[in-house]
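J.: Sharing a structure, written as structure tokens. Questions coming.
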Amino acid sequence: MPSTIRYVGLDVHKDTITIAVAVGKAEAEVVGTVPNAWMAFHRRLKTLGAAKELRCCYEAGPCGFEL
């Protein structure tokens, strides 16, 4: 059975990161907002699936540079 690729969009702000996910060609749905801190973000990202199943992108602004 082929794996399901999940497309993860990140809206990065100084204090928070809002996460949206789309599976295949389905419309993206916001799944939550976490503090803009590596541990909180990483913990939430791991709940979305295995790393090989995730494709992440973020708005190219100064707050997301460190991601």
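Starting from 1 in every chain, residues are counted up; chains themselves are A, B, ... following the order of the structure tokens, and ligands are numbered from 1 as listed.
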Could you name the residues that touch Ala51 in chain A at 10 Å or less, counting only C-alpha atoms, but leaving out those on the same chain fewer than 4 positions away, as a PyMOL selection string?
T.: chain A and resi 5-6+45-46+55-56
J.: Give me, as a list in words, all polymer residues having an atom no more than 12 Å from Gly49 in chain A, counting only C-alpha atoms and skipping those fewer than 5 positions away in the same chain.
T.: Ser3, Thr4, Ile5, Arg6, Tyr7, Val8, Val21, Val23, His42, Arg43, Arg44, Leu54, Arg55 and Cys56 of chain A
J.: Extract the full set of strand (DSSP E) residues from range 3-65 of chain A according to DSSP on the backbone, and format it as a PyMOL selection string.
T.: chain A and resi 6-12+16-23+29-35+54-58
J.: Report, in Å with one decimal, the straight-line distance from CA of Thr33 in chain A to CA of Tyr58 in chain A.
T.: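 Interatomic distance here is 13.8 Å.
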J.: Which polymer residues have any atom within 9 Å of an atom of Thr18 in chain A, counting only C-alpha atoms, with same-chain residues fewer than 5 positions away left out, as a VMD selection string?
T.: chain A and resid 9 to 13 30 to 35
J.: My list of candidates is A:Ala40, A:Glu29, A:Thr47, A:Pro62. Which is closest to Lys14 in chain A when distances are computed with only C-alpha atoms?
T.: A:Pro62
J.: Between CA of Ile19 in chain A and CA of Met39 in chain A, what is the distance, to one decimal in Å?
T.: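 Here the two named atoms are 14.7 Å from each other.
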